[in-house]
Amino acid sequence: MKNLDLQSEKVGERLKSIRNSLGLTVEEFYRPVMKSFNNGSSIENNKRRLGKRLAKDIIDYYRINPVFLAAGEGEMLQKGRRRPVDSGPQAHSSEAVETPVPYYNLRPDELEQRLPADIFADSTPEYYVNYRPFNDCTAYLPVYGNSMFPLFNSGEIIAVKEVVNPGIILWGEAYLVVTHEQANNMIAIRLLHEHRDPEKIILRASNPEYKGDIVIHRSAIKTLYLIKGKVTRYQL
């Protein structure tokens, strides 16, 4: 474990190959060792770091060959490995501590340039934030503009979590909305409200000076991120 290079881009790829060799879904593979198993996909896609304690949990649970995970050499699994008995979800405190969330210093126009691909693809985090209440989030991003004042001020940092099922929306809550060409590739932070047409959604600014709702079709949404919280900076 001491020589395991957790910064290698190949670690996530190797974890994915191990998971596929076992015929397990992301949920089935990571749920026994991670409270927020959806973070497993981010680790496999090199969007999140794999912490040492979490790596140890995964290696011990599945009896993975550390040499294979570190260098891609040898067998994937240790000899004599037995399939673990499914003991159900385990809330490992190490996952919350050892899986920090990346901060991307990206402006809205920079995010739009990444469409239609993943807006965080090929982006290098400036640093990682380890704050347990938000460690299940996808990323931290800066806020620009005043459309969401006083809920969010320009210069503050928001913690966003990707919505796995966009059919379930917390009406009245703030989201980062990423759209397709159908909505002009718009990326905006807005409060979401229910429209009388179930195929549409209302996007509303919290700043009363920004009058007028934006109505888009659900099909125009590429990705939704729930804003779980914010960080206020008093000095830059």
# chains A, B, ... in the order shown; residues from 1 in each chain; ligands from 1
call {"tool": "residues_around", "arguments": {"residues": "A:Ile214", "least_positions_apart": "5", "cutoff": "8 Å", "atoms": "only C-alpha atoms", "output": "list in words"}}
result
Ile202, Leu203 and Arg204 of chain A
call {"tool": "write_last_selection", "arguments": {"atoms": "N, CA and C atoms", "output": "PDB file, in the first residue's frame"}}
result
ATOM      1  N   ILE A 202     -39.695  25.361 -15.138  1.00  0.00           N
ATOM      2  CA  ILE A 202     -39.479  26.791 -14.992  1.00  0.00           C
ATOM      3  C   ILE A 202     -38.161  27.043 -14.267  1.00  0.00           C
ATOM      4  N   LEU A 203     -37.306  27.887 -14.856  1.00  0.00           N
ATOM      5  CA  LEU A 203     -36.051  28.311 -14.237  1.00  0.00           C
ATOM      6  C   LEU A 203     -36.240  29.752 -13.773  1.00  0.00           C
ATOM      7  N   ARG A 204     -35.970  30.006 -12.495  1.00  0.00           N
ATOM      8  CA  ARG A 204     -36.266  31.326 -11.941  1.00  0.00           C
ATOM      9  C   ARG A 204     -35.077  31.849 -11.131  1.00  0.00           C
TER      10      ARG A 204
END
call {"tool": "closest_residue", "arguments": {"among": "A:Gly212, A:Gly172, A:Pro166, A:Gly40", "to": "A:Thr138", "atoms": "only C-alpha atoms"}}
result
A:Gly40
call {"tool": "closest_residue", "arguments": {"among": "A:Leu22, A:Pro208, A:Ile189, A:Ala159", "to": "A:Arg132", "atoms": "only C-alpha atoms"}}
result
A:Ala159
call {"tool": "decode", "arguments": {"residues": "stretch 193-225 of chain A", "atoms": "N, CA and C atoms", "output": "PDB file, in the first residue's frame"}}
result
ATOM      1  N   HIS A 193     -38.861  25.334 -10.717  1.00  0.00           N
ATOM      2  CA  HIS A 193     -40.268  25.311 -10.323  1.00  0.00           C
ATOM      3  C   HIS A 193     -41.063  24.483 -11.318  1.00  0.00           C
ATOM      4  N   GLU A 194     -42.132  23.894 -10.813  1.00  0.00           N
ATOM      5  CA  GLU A 194     -42.962  23.024 -11.637  1.00  0.00           C
ATOM      6  C   GLU A 194     -43.796  23.831 -12.624  1.00  0.00           C
ATOM      7  N   HIS A 195     -43.860  23.363 -13.842  1.00  0.00           N
ATOM      8  CA  HIS A 195     -44.684  23.976 -14.891  1.00  0.00           C
ATOM      9  C   HIS A 195     -45.971  23.177 -15.030  1.00  0.00           C
ATOM     10  N   ARG A 196     -47.033  23.853 -15.479  1.00  0.00           N
ATOM     11  CA  ARG A 196     -48.299  23.132 -15.644  1.00  0.00           C
ATOM     12  C   ARG A 196     -48.207  22.046 -16.709  1.00  0.00           C
ATOM     13  N   ASP A 197     -47.273  22.242 -17.648  1.00  0.00           N
ATOM     14  CA  ASP A 197     -46.980  21.210 -18.635  1.00  0.00           C
ATOM     15  C   ASP A 197     -45.888  20.311 -18.055  1.00  0.00           C
ATOM     16  N   PRO A 198     -46.158  19.041 -17.774  1.00  0.00           N
ATOM     17  CA  PRO A 198     -45.153  18.171 -17.144  1.00  0.00           C
ATOM     18  C   PRO A 198     -43.897  17.964 -17.974  1.00  0.00           C
ATOM     19  N   GLU A 199     -43.962  18.338 -19.258  1.00  0.00           N
ATOM     20  CA  GLU A 199     -42.785  18.189 -20.118  1.00  0.00           C
ATOM     21  C   GLU A 199     -41.875  19.416 -20.049  1.00  0.00           C
ATOM     22  N   LYS A 200     -42.261  20.414 -19.268  1.00  0.00           N
ATOM     23  CA  LYS A 200     -41.480  21.639 -19.184  1.00  0.00           C
ATOM     24  C   LYS A 200     -41.094  21.938 -17.737  1.00  0.00           C
ATOM     25  N   ILE A 201     -40.098  22.811 -17.573  1.00  0.00           N
ATOM     26  CA  ILE A 201     -39.612  23.215 -16.255  1.00  0.00           C
ATOM     27  C   ILE A 201     -39.390  24.721 -16.261  1.00  0.00           C
ATOM     28  N   ILE A 202     -39.695  25.361 -15.138  1.00  0.00           N
ATOM     29  CA  ILE A 202     -39.479  26.791 -14.992  1.00  0.00           C
ATOM     30  C   ILE A 202     -38.161  27.043 -14.267  1.00  0.00           C
ATOM     31  N   LEU A 203     -37.306  27.887 -14.856  1.00  0.00           N
ATOM     32  CA  LEU A 203     -36.051  28.311 -14.237  1.00  0.00           C
ATOM     33  C   LEU A 203     -36.240  29.752 -13.773  1.00  0.00           C
ATOM     34  N   ARG A 204     -35.970  30.006 -12.495  1.00  0.00           N
ATOM     35  CA  ARG A 204     -36.266  31.326 -11.941  1.00  0.00           C
ATOM     36  C   ARG A 204     -35.077  31.849 -11.131  1.00  0.00           C
ATOM     37  N   ALA A 205     -34.738  33.115 -11.365  1.00  0.00           N
ATOM     38  CA  ALA A 205     -33.684  33.766 -10.597  1.00  0.00           C
ATOM     39  C   ALA A 205     -34.223  34.175  -9.234  1.00  0.00           C
ATOM     40  N   SER A 206     -33.348  34.211  -8.238  1.00  0.00           N
ATOM     41  CA  SER A 206     -33.774  34.644  -6.903  1.00  0.00           C
ATOM     42  C   SER A 206     -33.652  36.153  -6.733  1.00  0.00           C
ATOM     43  N   ASN A 207     -32.891  36.811  -7.616  1.00  0.00           N
ATOM     44  CA  ASN A 207     -32.736  38.258  -7.580  1.00  0.00           C
ATOM     45  C   ASN A 207     -33.964  38.904  -8.217  1.00  0.00           C
ATOM     46  N   PRO A 208     -34.741  39.701  -7.481  1.00  0.00           N
ATOM     47  CA  PRO A 208     -35.962  40.296  -8.033  1.00  0.00           C
ATOM     48  C   PRO A 208     -35.705  41.225  -9.209  1.00  0.00           C
ATOM     49  N   GLU A 209     -34.460  41.696  -9.385  1.00  0.00           N
ATOM     50  CA  GLU A 209     -34.146  42.560 -10.510  1.00  0.00           C
ATOM     51  C   GLU A 209     -34.060  41.785 -11.824  1.00  0.00           C
ATOM     52  N   TYR A 210     -33.924  40.462 -11.708  1.00  0.00           N
ATOM     53  CA  TYR A 210     -33.885  39.616 -12.899  1.00  0.00           C
ATOM     54  C   TYR A 210     -35.291  39.065 -13.125  1.00  0.00           C
ATOM     55  N   LYS A 211     -36.151  39.865 -13.733  1.00  0.00           N
ATOM     56  CA  LYS A 211     -37.545  39.494 -13.900  1.00  0.00           C
ATOM     57  C   LYS A 211     -37.721  38.574 -15.095  1.00  0.00           C
ATOM     58  N   GLY A 212     -38.769  37.755 -15.029  1.00  0.00           N
ATOM     59  CA  GLY A 212     -39.082  36.872 -16.137  1.00  0.00           C
ATOM     60  C   GLY A 212     -38.525  35.479 -15.942  1.00  0.00           C
ATOM     61  N   ASP A 213     -39.406  34.496 -16.065  1.00  0.00           N
ATOM     62  CA  ASP A 213     -38.994  33.101 -15.935  1.00  0.00           C
ATOM     63  C   ASP A 213     -38.444  32.578 -17.259  1.00  0.00           C
ATOM     64  N   ILE A 214     -37.590  31.593 -17.161  1.00  0.00           N
ATOM     65  CA  ILE A 214     -37.109  30.863 -18.333  1.00  0.00           C
ATOM     66  C   ILE A 214     -37.796  29.505 -18.321  1.00  0.00           C
ATOM     67  N   VAL A 215     -38.481  29.171 -19.396  1.00  0.00           N
ATOM     68  CA  VAL A 215     -39.185  27.898 -19.503  1.00  0.00           C
ATOM     69  C   VAL A 215     -38.487  27.044 -20.554  1.00  0.00           C
ATOM     70  N   ILE A 216     -38.078  25.848 -20.161  1.00  0.00           N
ATOM     71  CA  ILE A 216     -37.420  24.936 -21.099  1.00  0.00           C
ATOM     72  C   ILE A 216     -38.083  23.563 -21.033  1.00  0.00           C
ATOM     73  N   HIS A 217     -37.909  22.788 -22.072  1.00  0.00           N
ATOM     74  CA  HIS A 217     -38.390  21.415 -22.089  1.00  0.00           C
ATOM     75  C   HIS A 217     -37.442  20.539 -21.275  1.00  0.00           C
ATOM     76  N   ARG A 218     -37.977  19.566 -20.619  1.00  0.00           N
ATOM     77  CA  ARG A 218     -37.145  18.631 -19.861  1.00  0.00           C
ATOM     78  C   ARG A 218     -36.109  17.973 -20.763  1.00  0.00           C
ATOM     79  N   SER A 219     -36.500  17.717 -22.009  1.00  0.00           N
ATOM     80  CA  SER A 219     -35.599  17.043 -22.938  1.00  0.00           C
ATOM     81  C   SER A 219     -34.389  17.894 -23.292  1.00  0.00           C
ATOM     82  N   ALA A 220     -34.451  19.213 -22.998  1.00  0.00           N
ATOM     83  CA  ALA A 220     -33.330  20.097 -23.303  1.00  0.00           C
ATOM     84  C   ALA A 220     -32.241  20.024 -22.239  1.00  0.00           C
ATOM     85  N   ILE A 221     -32.527  19.378 -21.120  1.00  0.00           N
ATOM     86  CA  ILE A 221     -31.556  19.302 -20.024  1.00  0.00           C
ATOM     87  C   ILE A 221     -30.571  18.163 -20.266  1.00  0.00           C
ATOM     88  N   LYS A 222     -29.299  18.512 -20.286  1.00  0.00           N
ATOM     89  CA  LYS A 222     -28.246  17.506 -20.435  1.00  0.00           C
ATOM     90  C   LYS A 222     -27.879  16.907 -19.095  1.00  0.00           C
ATOM     91  N   THR A 223     -27.635  17.784 -18.119  1.00  0.00           N
ATOM     92  CA  THR A 223     -27.253  17.346 -16.781  1.00  0.00           C
ATOM     93  C   THR A 223     -27.781  18.339 -15.757  1.00  0.00           C
ATOM     94  N   LEU A 224     -28.185  17.803 -14.612  1.00  0.00           N
ATOM     95  CA  LEU A 224     -28.619  18.630 -13.494  1.00  0.00           C
ATOM     96  C   LEU A 224     -27.694  18.397 -12.305  1.00  0.00           C
ATOM     97  N   TYR A 225     -27.368  19.476 -11.612  1.00  0.00           N
ATOM     98  CA  TYR A 225     -26.573  19.371 -10.398  1.00  0.00           C
ATOM     99  C   TYR A 225     -27.308  20.094  -9.279  1.00  0.00           C
TER     100      TYR A 225
END
